[in-house]
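The structure file final_29.txt is reproduced below (compact mmCIF, C-alpha atoms).
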# COMPACT_ATOMS: atom_id res chain seq x y z
CA MET A 110 1.75 -40.83 -5.06
CA CYS A 111 2.05 -38.40 -2.18
CA GLY A 112 -1.49 -37.80 -0.91
CA LEU A 113 -0.76 -34.24 0.21
CA CYS A 114 1.12 -32.77 -2.70
CA GLY A 115 -0.02 -35.11 -5.49
CA LEU A 116 3.53 -35.92 -6.59
CA LEU A 117 3.96 -39.13 -8.55
CA GLU A 118 7.01 -40.99 -7.40
CA GLY A 119 8.86 -42.93 -10.11
CA SER A 120 10.77 -46.14 -9.61
CA PRO A 121 14.19 -45.75 -7.98
CA HIS A 122 17.07 -44.91 -10.30
CA TRP A 123 19.80 -47.56 -10.50
CA SER A 124 22.24 -45.19 -8.84
CA GLU A 125 20.07 -44.95 -5.70
CA VAL A 126 19.41 -48.56 -4.82
CA ILE A 127 22.50 -49.61 -2.89
CA ASN A 128 22.12 -49.99 0.86
CA SER A 129 23.72 -47.39 3.09
CA GLU A 130 24.26 -46.97 6.80
CA LEU A 131 22.97 -43.40 6.55
CA PRO A 132 19.26 -42.66 7.03
CA LEU A 133 17.51 -42.18 3.69
CA ARG A 134 17.06 -38.41 4.00
CA GLN A 135 20.68 -37.87 5.02
CA GLN A 136 21.80 -40.10 2.17
CA ARG A 137 19.79 -37.92 -0.17
CA TYR A 138 21.38 -34.72 1.12
CA ALA A 139 24.87 -36.22 0.73
CA ARG A 140 24.02 -37.13 -2.83
CA ILE A 141 22.75 -33.62 -3.59
CA ALA A 142 25.92 -32.11 -2.09
CA ALA A 143 28.06 -34.32 -4.33
CA ILE A 144 26.04 -33.43 -7.44
CA ASN A 145 26.37 -29.72 -6.59
CA GLN A 146 30.13 -30.18 -6.54
CA VAL A 147 29.85 -30.97 -10.26
CA LEU A 148 27.12 -28.44 -11.06
CA VAL A 149 28.83 -25.47 -9.41
CA SER A 150 31.24 -25.09 -12.31
CA HIS A 151 28.20 -24.64 -14.57
CA ARG A 152 26.71 -22.11 -12.13
CA LEU A 153 23.76 -24.34 -11.30
CA ARG A 154 22.41 -25.55 -7.99
CA LEU A 155 20.32 -28.59 -7.07
CA GLU A 156 18.02 -28.75 -4.04
CA ASP A 157 15.78 -31.37 -2.54
CA PHE A 158 12.03 -31.16 -3.08
CA GLN A 159 9.89 -32.98 -0.52
CA GLY A 160 12.28 -35.92 -0.40
CA SER A 161 10.95 -37.20 -3.72
CA GLY A 162 12.13 -34.79 -6.42
CA TYR A 163 14.72 -32.12 -7.02
CA VAL A 164 14.72 -28.46 -7.99
CA LEU A 165 17.44 -27.29 -10.34
CA ALA A 166 18.13 -23.55 -10.25
CA SER A 167 20.16 -21.28 -12.50
CA PRO A 168 21.85 -18.05 -11.32
CA THR A 169 19.12 -16.02 -13.08
CA GLY A 170 16.46 -17.55 -10.87
CA HIS A 171 15.12 -20.02 -13.41
CA GLN A 172 13.98 -23.20 -11.64
CA GLU A 173 12.97 -26.61 -12.90
CA MET A 174 11.56 -29.70 -11.25
CA ILE A 175 13.71 -32.78 -11.81
CA ALA A 176 12.54 -36.37 -11.26
CA ASN A 177 15.81 -38.30 -11.43
CA ILE A 178 19.51 -38.06 -12.17
CA ASP A 179 19.19 -38.92 -15.87
CA GLU A 180 16.79 -36.04 -16.36
CA LEU A 181 19.10 -33.84 -14.30
CA TRP A 182 21.99 -33.93 -16.79
CA THR A 183 19.69 -33.17 -19.72
CA ARG A 184 18.00 -30.24 -17.99
CA ALA A 185 21.31 -28.95 -16.60
CA GLU A 186 22.71 -28.76 -20.13
CA ALA A 187 19.63 -26.90 -21.32
CA LEU A 188 19.69 -24.43 -18.40
CA SER A 189 23.42 -23.73 -18.52
CA GLY A 190 23.76 -23.79 -22.30
CA THR A 191 26.87 -25.95 -21.92
CA THR A 192 27.70 -29.63 -22.33
CA LEU A 193 28.15 -31.70 -19.18
CA ASP A 194 30.83 -34.17 -20.12
CA PRO A 195 32.73 -36.07 -17.40
CA LEU A 196 35.63 -36.58 -19.83
CA ASP A 197 35.95 -32.84 -20.45
CA SER A 198 39.45 -31.74 -19.38
CA GLU A 199 38.26 -28.31 -18.23
CA LEU A 200 35.62 -29.83 -15.96
CA LEU A 201 38.20 -32.21 -14.47
CA ILE A 202 40.61 -29.33 -13.81
CA ARG A 203 37.85 -27.29 -12.17
CA LEU A 204 36.95 -30.26 -9.98
CA GLU A 205 40.57 -30.58 -8.93
CA TYR A 206 40.84 -26.88 -8.05
CA ALA A 207 37.58 -27.00 -6.12
CA THR A 208 39.13 -29.50 -3.72
CA MET B 258 -22.83 -52.02 -22.32
CA THR B 259 -20.58 -55.04 -21.98
CA PRO B 260 -18.23 -54.73 -19.01
CA PRO B 261 -14.51 -54.98 -19.85
CA GLU B 262 -13.15 -58.51 -19.71
CA ARG B 263 -11.28 -59.28 -16.53
CA PRO B 264 -8.29 -61.61 -16.30
CA ARG B 265 -9.48 -65.13 -15.72
CA ARG B 266 -9.53 -66.36 -12.16
CA GLY B 267 -6.31 -67.96 -11.10
CA ALA B 268 -4.34 -66.27 -13.91
CA ASP B 269 -0.57 -66.60 -13.66
CA TYR B 270 1.18 -63.27 -12.96
CA THR B 271 4.73 -64.57 -13.28
CA ILE B 272 7.11 -62.01 -14.77
CA LEU B 273 8.10 -63.48 -18.13
CA PRO B 274 11.59 -63.38 -19.66
CA VAL B 275 12.05 -61.84 -23.10
CA VAL B 276 15.05 -63.29 -24.93
CA VAL B 277 16.35 -60.96 -27.63
CA LEU B 278 17.72 -62.74 -30.69
CA THR B 279 19.69 -60.45 -32.93
CA GLY B 280 22.32 -60.66 -35.65
CA PHE B 281 23.02 -59.07 -38.99
CA LEU B 282 20.84 -59.68 -42.06
CA GLY B 283 21.21 -63.28 -43.22
CA SER B 284 23.31 -64.34 -40.24
CA GLY B 285 21.16 -67.37 -39.43
CA LYS B 286 18.87 -66.15 -36.65
CA THR B 287 15.85 -68.08 -37.88
CA SER B 288 17.89 -71.28 -38.32
CA LEU B 289 19.10 -70.98 -34.73
CA LEU B 290 15.57 -70.30 -33.55
CA THR B 291 14.27 -73.37 -35.32
CA ARG B 292 16.93 -75.52 -33.64
CA LEU B 293 16.26 -74.03 -30.22
CA LEU B 294 12.52 -74.59 -30.47
CA ARG B 295 12.74 -78.05 -32.05
CA ASP B 296 11.69 -79.89 -28.88
CA ASP B 297 9.78 -77.05 -27.27
CA PRO B 298 6.34 -78.25 -26.13
CA PRO B 299 3.52 -76.31 -27.85
CA GLY B 300 2.53 -73.14 -26.08
CA GLU B 301 5.72 -72.67 -24.06
CA THR B 302 7.30 -69.92 -26.18
CA ALA B 303 5.78 -66.86 -27.84
CA LEU B 304 7.70 -65.40 -30.76
CA LEU B 305 7.80 -61.81 -31.86
CA ILE B 306 9.47 -61.34 -35.20
CA ASN B 307 10.41 -57.92 -36.52
CA GLU B 308 11.38 -57.48 -40.12
CA VAL B 309 12.40 -54.68 -42.40
CA GLY B 310 10.16 -54.67 -45.45
CA ASP B 311 6.52 -55.18 -46.13
CA VAL B 312 6.39 -58.92 -46.58
CA GLY B 313 7.36 -60.99 -43.57
CA ILE B 314 8.79 -64.38 -44.38
CA ASP B 315 10.55 -65.62 -41.27
CA HIS B 316 7.39 -66.09 -39.20
CA GLN B 317 6.18 -68.54 -41.83
CA LEU B 318 9.38 -70.53 -41.48
CA VAL B 319 9.12 -70.82 -37.72
CA SER B 320 5.37 -71.08 -37.38
CA PRO B 321 5.29 -74.89 -37.54
CA VAL B 322 7.24 -75.07 -34.28
CA ALA B 323 5.74 -72.08 -32.49
CA PRO B 324 2.20 -71.38 -33.65
CA GLU B 325 1.85 -68.12 -31.75
CA ALA B 326 4.53 -66.34 -33.81
CA ARG B 327 3.56 -62.75 -34.39
CA LEU B 328 5.09 -60.29 -36.80
CA LEU B 329 5.59 -56.69 -35.77
CA PRO B 330 4.01 -54.67 -38.58
CA SER B 331 6.83 -52.65 -40.05
CA GLY B 332 10.29 -51.26 -39.85
CA CYS B 333 13.07 -51.70 -37.41
CA VAL B 334 12.55 -52.36 -33.71
CA CYS B 335 14.95 -49.68 -32.60
CA CYS B 336 13.00 -46.93 -34.41
CA SER B 337 9.54 -47.93 -33.27
CA ILE B 338 10.53 -49.31 -29.93
CA ARG B 339 8.08 -47.46 -27.75
CA GLY B 340 5.11 -48.18 -29.91
CA GLU B 341 5.03 -51.47 -31.68
CA LEU B 342 7.15 -53.60 -29.37
CA LYS B 343 5.38 -52.41 -26.25
CA ALA B 344 1.95 -52.80 -27.84
CA ALA B 345 2.80 -56.27 -29.20
CA LEU B 346 4.09 -57.49 -25.82
CA LEU B 347 1.10 -56.12 -23.93
CA THR B 348 -1.33 -57.64 -26.43
CA LEU B 349 0.39 -61.01 -26.09
CA TYR B 350 0.20 -60.74 -22.33
CA GLU B 351 -3.47 -59.77 -22.31
CA GLN B 352 -4.36 -62.67 -24.59
CA ARG B 353 -2.38 -65.04 -22.36
CA GLN B 354 -4.14 -63.79 -19.25
CA ARG B 355 -7.58 -64.05 -20.87
CA GLY B 356 -6.84 -67.61 -21.89
CA GLU B 357 -6.91 -66.82 -25.64
CA LEU B 358 -3.29 -67.93 -25.91
CA PRO B 359 -1.62 -70.80 -24.07
CA PRO B 360 0.11 -69.75 -20.81
CA PHE B 361 3.51 -69.36 -22.48
CA ARG B 362 6.48 -69.07 -20.15
CA ARG B 363 8.85 -67.01 -22.27
CA VAL B 364 8.99 -64.66 -25.25
CA ILE B 365 11.66 -64.65 -27.93
CA LEU B 366 12.02 -61.41 -29.87
CA GLU B 367 13.82 -61.86 -33.17
CA THR B 368 14.96 -58.43 -34.29
CA THR B 369 15.71 -57.18 -37.76
CA GLY B 370 19.29 -57.52 -38.89
CA LEU B 371 19.67 -53.78 -38.57
CA ALA B 372 18.39 -53.34 -35.03
CA ASP B 373 20.48 -51.93 -32.21
CA PRO B 374 19.64 -53.98 -29.09
CA ALA B 375 20.16 -51.15 -26.58
CA PRO B 376 16.78 -49.40 -27.08
CA ILE B 377 15.04 -52.78 -26.86
CA LEU B 378 16.76 -53.44 -23.56
CA ALA B 379 15.87 -49.95 -22.32
CA THR B 380 12.20 -50.50 -23.11
CA LEU B 381 12.09 -53.91 -21.45
CA SER B 382 13.90 -52.67 -18.34
CA HIS B 383 12.35 -49.27 -17.84
CA ASP B 384 8.90 -49.07 -19.40
CA SER B 385 6.52 -48.53 -16.51
CA GLN B 386 3.94 -51.03 -17.82
CA LEU B 387 6.17 -53.69 -19.32
CA ARG B 388 8.48 -54.11 -16.36
CA HIS B 389 5.65 -55.45 -14.22
CA HIS B 390 5.02 -58.29 -16.68
CA PHE B 391 8.30 -58.88 -18.51
CA ARG B 392 12.01 -58.85 -17.75
CA PRO B 393 14.96 -58.92 -20.11
CA GLY B 394 16.39 -62.36 -20.81
CA ARG B 395 19.76 -62.70 -22.46
CA ILE B 396 20.72 -60.98 -25.67
CA ILE B 397 21.80 -63.57 -28.26
CA THR B 398 23.77 -62.30 -31.25
CA VAL B 399 24.30 -64.56 -34.25
CA ILE B 400 27.51 -63.92 -36.20
CA ASP B 401 27.81 -64.94 -39.83
CA ALA B 402 31.31 -66.44 -39.92
CA LEU B 403 31.68 -65.90 -43.66
CA ASN B 404 30.78 -62.22 -43.71
CA ALA B 405 31.77 -61.05 -40.23
CA GLU B 406 34.80 -59.09 -41.36
CA LEU B 407 32.95 -57.27 -44.13
CA GLN B 408 29.96 -56.49 -41.92
CA GLN B 409 32.18 -55.14 -39.19
CA ARG B 410 33.89 -52.80 -41.64
CA CYS B 411 30.77 -51.54 -43.37
CA HIS B 412 27.96 -51.62 -40.81
CA PRO B 413 28.07 -49.97 -37.38
CA GLU B 414 24.95 -51.96 -36.38
CA TRP B 415 27.05 -55.15 -36.43
CA LEU B 416 29.38 -53.82 -33.76
CA ALA B 417 26.48 -52.63 -31.58
CA GLN B 418 24.96 -56.11 -31.78
CA VAL B 419 28.24 -57.84 -30.89
CA GLY B 420 28.92 -55.40 -28.05
CA ALA B 421 25.44 -55.85 -26.55
CA ALA B 422 25.48 -59.66 -26.64
CA ASP B 423 25.37 -61.86 -23.55
CA GLU B 424 25.76 -64.88 -25.84
CA LEU B 425 27.61 -64.82 -29.17
CA VAL B 426 26.72 -67.64 -31.55
CA VAL B 427 28.92 -68.10 -34.64
CA SER B 428 26.98 -69.57 -37.59
CA LYS B 429 28.11 -70.94 -40.96
CA ASP B 430 31.55 -71.81 -39.61
CA GLU B 431 31.52 -74.99 -41.71
CA LEU B 432 31.74 -72.77 -44.80
CA LEU B 433 35.09 -71.29 -43.74
CA ASP B 434 38.18 -72.59 -45.51
CA SER B 435 40.09 -73.61 -42.41
CA GLU B 436 40.06 -73.95 -38.62
CA ILE B 437 42.60 -71.11 -38.50
CA GLU B 438 40.04 -68.67 -39.91
CA LEU B 439 37.49 -69.77 -37.32
CA ARG B 440 40.03 -69.39 -34.52
CA ALA B 441 40.91 -65.89 -35.73
CA LEU B 442 37.24 -64.93 -35.81
CA ARG B 443 36.62 -66.25 -32.31
CA GLU B 444 39.66 -64.40 -30.95
CA SER B 445 38.46 -61.26 -32.64
CA LEU B 446 34.99 -61.61 -31.05
CA GLU B 447 36.60 -62.32 -27.69
CA ARG B 448 38.43 -59.01 -27.93
CA LEU B 449 35.29 -57.13 -28.93
CA ASN B 450 33.08 -58.57 -26.22
CA PRO B 451 34.96 -60.37 -23.46
CA ALA B 452 31.84 -60.29 -21.26
CA ALA B 453 29.85 -62.65 -23.50
CA GLU B 454 29.69 -66.43 -23.63
CA HIS B 455 30.89 -67.74 -27.01
CA HIS B 456 29.32 -70.65 -28.94
CA LEU B 457 29.10 -72.30 -32.34
CA GLY B 458 25.66 -72.41 -33.96
CA ARG B 459 26.09 -76.04 -35.00
CA ASP B 460 26.29 -77.03 -31.30
CA ALA B 461 22.89 -75.44 -30.56
CA THR B 462 20.51 -77.66 -28.65
CA PRO B 463 17.07 -76.93 -27.22
CA ASP B 464 18.45 -76.93 -23.66
CA TRP B 465 20.29 -73.66 -24.42
CA LEU B 466 16.93 -71.96 -23.99
CA SER B 467 16.89 -72.58 -20.25
CA ARG B 468 20.11 -70.57 -19.93
CA PHE B 469 18.99 -67.82 -22.29
CA VAL B 470 15.92 -67.00 -20.20
CA LYS B 471 17.98 -66.37 -17.07
CA GLY B 472 18.85 -62.80 -17.97
CA VAL B 473 22.07 -61.09 -17.09
CA THR B 474 23.80 -62.75 -14.17
CA ALA B 475 27.05 -61.86 -12.53
CA GLY B 476 28.95 -64.43 -14.59
CA PRO B 477 32.70 -64.42 -14.95
CA MET B 478 34.46 -61.11 -14.98
CA PRO B 479 36.21 -60.44 -18.28
CA THR B 480 39.97 -60.67 -18.00
CA LEU B 481 41.60 -57.38 -17.15
CA ARG B 482 43.84 -56.45 -20.04
CA PRO B 483 47.12 -54.55 -19.89
CA ALA B 484 47.36 -51.31 -21.86
CA ALA B 485 49.34 -53.08 -24.61
CA TRP B 486 46.22 -55.15 -25.39
CA ASN B 487 44.75 -52.06 -26.99
CA ASP B 488 47.46 -51.97 -29.65
CA SER B 489 46.34 -55.31 -31.07
CA LEU B 490 42.69 -54.33 -30.58
CA ALA B 491 43.24 -51.07 -32.47
CA ALA B 492 45.06 -52.88 -35.26
CA ALA B 493 42.17 -55.28 -35.78
CA HIS B 494 39.16 -53.15 -34.91
CA GLY B 495 40.03 -49.49 -35.52
CA GLU B 496 38.45 -47.32 -32.85
CA ILE B 497 37.52 -50.10 -30.39
CA ARG B 498 39.29 -49.93 -27.03
CA ASN B 499 39.24 -51.98 -23.84
CA ALA B 500 39.52 -49.93 -20.68
CA SER B 501 40.35 -52.16 -17.71
CA LEU B 502 40.42 -50.39 -14.35
CA VAL B 503 41.36 -51.72 -10.93
CA LEU B 504 40.65 -49.66 -7.81
CA ASP B 505 42.53 -50.55 -4.65
CA SER B 506 40.26 -48.90 -2.07
CA PRO B 507 36.48 -49.23 -1.59
CA ILE B 508 34.38 -47.00 -3.79
CA ASN B 509 31.61 -44.64 -2.67
CA TRP B 510 28.55 -45.89 -4.58
CA THR B 511 26.79 -42.52 -4.56
CA HIS B 512 29.78 -40.77 -6.09
CA PHE B 513 30.35 -43.59 -8.56
CA GLY B 514 26.67 -43.46 -9.60
CA ILE B 515 26.89 -39.71 -10.24
CA TRP B 516 29.98 -40.18 -12.41
CA LEU B 517 28.66 -43.19 -14.33
CA SER B 518 25.22 -41.70 -14.99
CA MET B 519 26.91 -38.59 -16.36
CA LEU B 520 29.24 -40.71 -18.52
CA LEU B 521 26.36 -42.83 -19.87
CA ARG B 522 24.36 -39.71 -20.67
CA ALA B 523 27.26 -38.03 -22.49
CA HIS B 524 28.88 -41.03 -24.21
CA GLY B 525 26.37 -43.92 -24.04
CA THR B 526 26.46 -44.65 -27.76
CA ARG B 527 30.25 -45.09 -27.62
CA LEU B 528 30.22 -47.41 -24.58
CA LEU B 529 29.53 -50.76 -26.20
CA ARG B 530 29.77 -52.71 -22.98
CA ILE B 531 30.37 -52.09 -19.29
CA LYS B 532 30.95 -54.78 -16.71
CA GLY B 533 32.29 -54.47 -13.21
CA LEU B 534 32.62 -55.84 -9.71
CA LEU B 535 32.72 -53.06 -7.16
CA ASP B 536 33.86 -53.03 -3.56
CA VAL B 537 31.35 -50.61 -2.02
CA GLY B 538 32.55 -51.23 1.50
CA GLY B 539 30.42 -54.29 2.31
CA ALA B 540 31.37 -57.91 2.77
CA ALA B 541 30.51 -58.79 -0.84
CA PRO B 542 30.76 -56.90 -4.12
CA VAL B 543 28.16 -55.24 -6.29
CA ALA B 544 28.08 -56.33 -9.94
CA ILE B 545 27.18 -53.90 -12.69
CA HIS B 546 26.36 -54.61 -16.35
CA GLY B 547 25.60 -52.07 -19.02
CA VAL B 548 25.04 -51.87 -22.76
CA GLN B 549 25.50 -48.41 -24.24
CA HIS B 550 23.35 -46.01 -22.20
CA VAL B 551 21.36 -48.77 -20.48
CA LEU B 552 22.56 -50.07 -17.12
CA HIS B 553 20.94 -53.15 -15.59
CA PRO B 554 19.98 -52.74 -11.94
CA PRO B 555 23.15 -53.39 -9.88
CA GLN B 556 23.25 -56.81 -8.22
CA HIS B 557 24.52 -57.52 -4.71
CA LEU B 558 26.52 -60.74 -4.91
CA ALA B 559 26.66 -63.22 -2.06
CA ALA B 560 30.46 -63.33 -2.05
CA TRP B 561 33.58 -62.34 -3.99
CA PRO B 562 34.33 -64.83 -6.78
CA ASP B 563 38.04 -65.08 -5.81
CA ASP B 564 40.62 -63.76 -3.36
CA ASP B 565 41.03 -60.46 -5.17
CA ARG B 566 38.87 -57.95 -3.26
CA ARG B 567 39.61 -54.94 -5.43
CA SER B 568 37.02 -53.19 -7.60
CA ARG B 569 37.37 -54.15 -11.25
CA LEU B 570 35.77 -52.41 -14.21
CA VAL B 571 35.91 -53.17 -17.91
CA PHE B 572 34.64 -50.76 -20.58
CA ILE B 573 34.59 -51.68 -24.27
CA THR B 574 34.47 -48.34 -26.03
CA ARG B 575 34.30 -46.95 -29.52
CA GLY B 576 36.68 -44.02 -29.86
CA ILE B 577 37.24 -43.28 -26.16
CA GLU B 578 40.78 -43.74 -24.89
CA PRO B 579 41.01 -45.83 -21.68
CA ALA B 580 43.24 -43.22 -20.03
CA MET B 581 40.47 -40.61 -20.34
CA ILE B 582 37.99 -42.84 -18.51
CA GLU B 583 40.47 -43.65 -15.75
CA ARG B 584 41.51 -40.03 -15.26
CA SER B 585 37.88 -38.88 -15.15
CA LEU B 586 36.85 -41.53 -12.63
CA MET B 587 39.80 -40.79 -10.33
CA ARG B 588 39.21 -37.03 -10.44
CA PHE B 589 35.51 -37.40 -9.72
CA MET B 590 36.07 -39.79 -6.82
CA ALA B 591 38.69 -37.49 -5.30
CA ALA B 592 36.64 -34.31 -5.76
CA LEU B 593 33.30 -35.69 -4.60
CA SER B 594 34.83 -37.20 -1.47
CA HIS B 595 35.18 -33.59 -0.22
CA SER B 596 31.47 -32.94 -0.65
CA ASP B 597 30.22 -35.17 2.17
CA ILE B 598 28.00 -33.36 4.62
Using the file provided, produce a representation of the structure as structure tokens.
Amino acid sequence: MCGLCGLLEGSPHWSEVINSELPLRQQRYARIAAINQVLVSHRLRLEDFQGSGYVLASPTGHQEMIANIDELWTRAEALSGTTLDPLDSELLIRLEYAT
Amino acid sequence: MTPPERPRRGADYTILPVVVLTGFLGSGKTSLLTRLLRDDPPGETALLINEVGDVGIDHQLVSPVAPEARLLPSGCVCCSIRGELKAALLTLYEQRQRGELPPFRRVILETTGLADPAPILATLSHDSQLRHHFRPGRIITVIDALNAELQQRCHPEWLAQVGAADELVVSKDELLDSEIELRALRESLERLNPAAEHHLGRDATPDWLSRFVKGVTAGPMPTLRPAAWNDSLAAAHGEIRNASLVLDSPINWTHFGIWLSMLLRAHGTRLLRIKGLLDVGGAAPVAIHGVQHVLHPPQHLAAWPDDDRRSRLVFITRGIEPAMIERSLMRFMAALSHSDI
């Protein structure tokens, strides 16, 4: 637990545990940037919170605290009212156009 | 007021393996268990037996060889996973630590014939209390050779159990009419779960237990199948597909993790098995193993198993075409590579 803000830190998610040459904080920002690449087509945005959690925001200003990436997809679907499916052809086309 | 009992001095805090023994109703799980525990010294193995129905019978059959057999009260493990299984494991552990039970070194959980192993695996791997005391061993699925074809057609649980297995044990093969039938069954199981080790129940010996407690290891990579393989798979098993992917260049783990977590979340119930060796840019690969929506923690291997240094992934899916998975992965990897800060 963080002594200052009282945040409970969960165990690392399987997708976070591989070593990287980047410093941890920079690695985290790179990860958030990549996730936002997916979320942008659902008009959502993810930001870091104190290096231990995330804040997911909708275009209407609604914000939610997110603990890990599994929770992220569930909350993102609820906030956007859409399904986040990596096999969805429309999402794949939007990703292609975004690059 | 009596102070709460403390663990006895010098208690053993070893993390204990939980072997999951599953298989359809009447497939021969208890018979296999009895053979495995035949020479087990008393107090080495704790048994948890889960049955559908009010009257438990199996624990009475196995109790002569493993006196600390315990029956989960009711229903199917997959429905009551958070409650009864967790409570039963923690109670066992507390009694072991207090010295009320012998210091057993492993737990075998015999599930009901209708249980889906994935939620059991999820609880063992991710529950914040259990994972400090227990770790998943291997998942053993017993296949009734006589009724396999019928069970596959009529019961989706059968397929989930076969797909989740680390070890597939075929029982009652002596009741088949010919060796040809047995060979056909084994080939069929090989197609459904190429990541598992395959055995015959009649060969079971107590020393199998030492392998079963090891948990998921890197093991051999299932053979990568050409697209034509799916035609024979589809003919025999309807919606089941084998997606074999090979990636020539190193993969960005962060981007891959984003894609895979999203895929597991959206389609976990249709991903019967995932196994892969990934080149993440280091000297050695990272191995991944998954069952439905549950992914084991990735393992760094010491070295590549052969000269082929390319990333290899195998997905056994129910109703997802391999081309869709490949297209999605390639698009994600290409798009996310532009996001780096």
Any idea which chain A residues end up within 9 Å of chain B if we count all atoms listed in the file, as an mmCIF file with C-alpha atoms, keeping the file's coordinate frame please?
data_model
loop_
_atom_site.group_PDB
_atom_site.id
_atom_site.type_symbol
_atom_site.label_atom_id
_atom_site.label_comp_id
_atom_site.auth_asym_id
_atom_site.auth_seq_id
_atom_site.Cartn_x
_atom_site.Cartn_y
_atom_site.Cartn_z
ATOM 1 C CA GLY A 119 8.860 -42.930 -10.110
ATOM 2 C CA SER A 120 10.770 -46.140 -9.610
ATOM 3 C CA HIS A 122 17.070 -44.910 -10.300
ATOM 4 C CA TRP A 123 19.800 -47.560 -10.500
ATOM 5 C CA SER A 124 22.240 -45.190 -8.840
ATOM 6 C CA GLU A 125 20.070 -44.950 -5.700
ATOM 7 C CA VAL A 126 19.410 -48.560 -4.820
ATOM 8 C CA ILE A 127 22.500 -49.610 -2.890
ATOM 9 C CA GLN A 135 20.680 -37.870 5.020
ATOM 10 C CA GLN A 136 21.800 -40.100 2.170
ATOM 11 C CA TYR A 138 21.380 -34.720 1.120
ATOM 12 C CA ALA A 139 24.870 -36.220 0.730
ATOM 13 C CA ARG A 140 24.020 -37.130 -2.830
ATOM 14 C CA ALA A 142 25.920 -32.110 -2.090
ATOM 15 C CA ALA A 143 28.060 -34.320 -4.330
ATOM 16 C CA ILE A 144 26.040 -33.430 -7.440
ATOM 17 C CA ASN A 145 26.370 -29.720 -6.590
ATOM 18 C CA GLN A 146 30.130 -30.180 -6.540
ATOM 19 C CA VAL A 147 29.850 -30.970 -10.260
ATOM 20 C CA ILE A 178 19.510 -38.060 -12.170
ATOM 21 C CA ASP A 179 19.190 -38.920 -15.870
ATOM 22 C CA TRP A 182 21.990 -33.930 -16.790
ATOM 23 C CA THR A 183 19.690 -33.170 -19.720
ATOM 24 C CA THR A 192 27.700 -29.630 -22.330
ATOM 25 C CA LEU A 193 28.150 -31.700 -19.180
ATOM 26 C CA ASP A 194 30.830 -34.170 -20.120
ATOM 27 C CA PRO A 195 32.730 -36.070 -17.400
ATOM 28 C CA LEU A 196 35.630 -36.580 -19.830
ATOM 29 C CA ASP A 197 35.950 -32.840 -20.450
ATOM 30 C CA SER A 198 39.450 -31.740 -19.380
ATOM 31 C CA LEU A 201 38.200 -32.210 -14.470
ATOM 32 C CA ILE A 202 40.610 -29.330 -13.810
ATOM 33 C CA LEU A 204 36.950 -30.260 -9.980
ATOM 34 C CA GLU A 205 40.570 -30.580 -8.930
ATOM 35 C CA TYR A 206 40.840 -26.880 -8.050
ATOM 36 C CA ALA A 207 37.580 -27.000 -6.120
ATOM 37 C CA THR A 208 39.130 -29.500 -3.720
#
With 3 Å of padding per side, what axis-aligned box (centre and edge lengths, Å, one decimal) covers all the listed atoms of stretch 292-298 of chain B? Give it as AutoDock Vina command-line options.
--center_x 11.6 --center_y -77.0 --center_z -29.9 --size_x 16.6 --size_y 11.9 --size_z 13.5
Protein, DNA and RNA residues within 8 Å of (23.5, -23.8, -18.5), all atoms listed in the file, as a list in words: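 These residues have at least one counted atom within 8 Å: His151, Arg152, Leu153, Ser167, Ala185, Glu186, Ala187, Leu188, Ser189, Gly190 and Thr191 of chain A.
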Set the distance at 12 Å and use only C-alpha atoms: which residues neighbour B:Gln408 once local chain neighbours fewer than 4 positions away are removed? I'd like the list as an NGL selection string. :B and (280-284 or 370-371 or 400-404 or 412-419)
Please determine, counting only C-alpha atoms, which residue among B:Val571, B:Leu407, B:Leu446, B:Ile306 has the shortest atom-to-atom distance to B:Ala544.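 For B:Ala544, the nearest of the candidates is B:Val571.
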**OP:** To one decimal in Å, tell me the separation between atom CA of B:Asp434 and atom CA of B:Gly420.
**Re:**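 About the pair atom CA of B:Asp434 and atom CA of B:Gly420: they are 26.2 Å apart.
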So how far away is atom CA of A:Ala176 from atom CA of A:Tyr163, in Å?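 These atoms are spaced 6.4 Å apart.
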Can you tell me how far atom CA of B:Ala540 sits from atom CA of B:Pro451, in Å to one decimal?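 Interatomic distance, atom CA of B:Ala540 to atom CA of B:Pro451: 26.6 Å.
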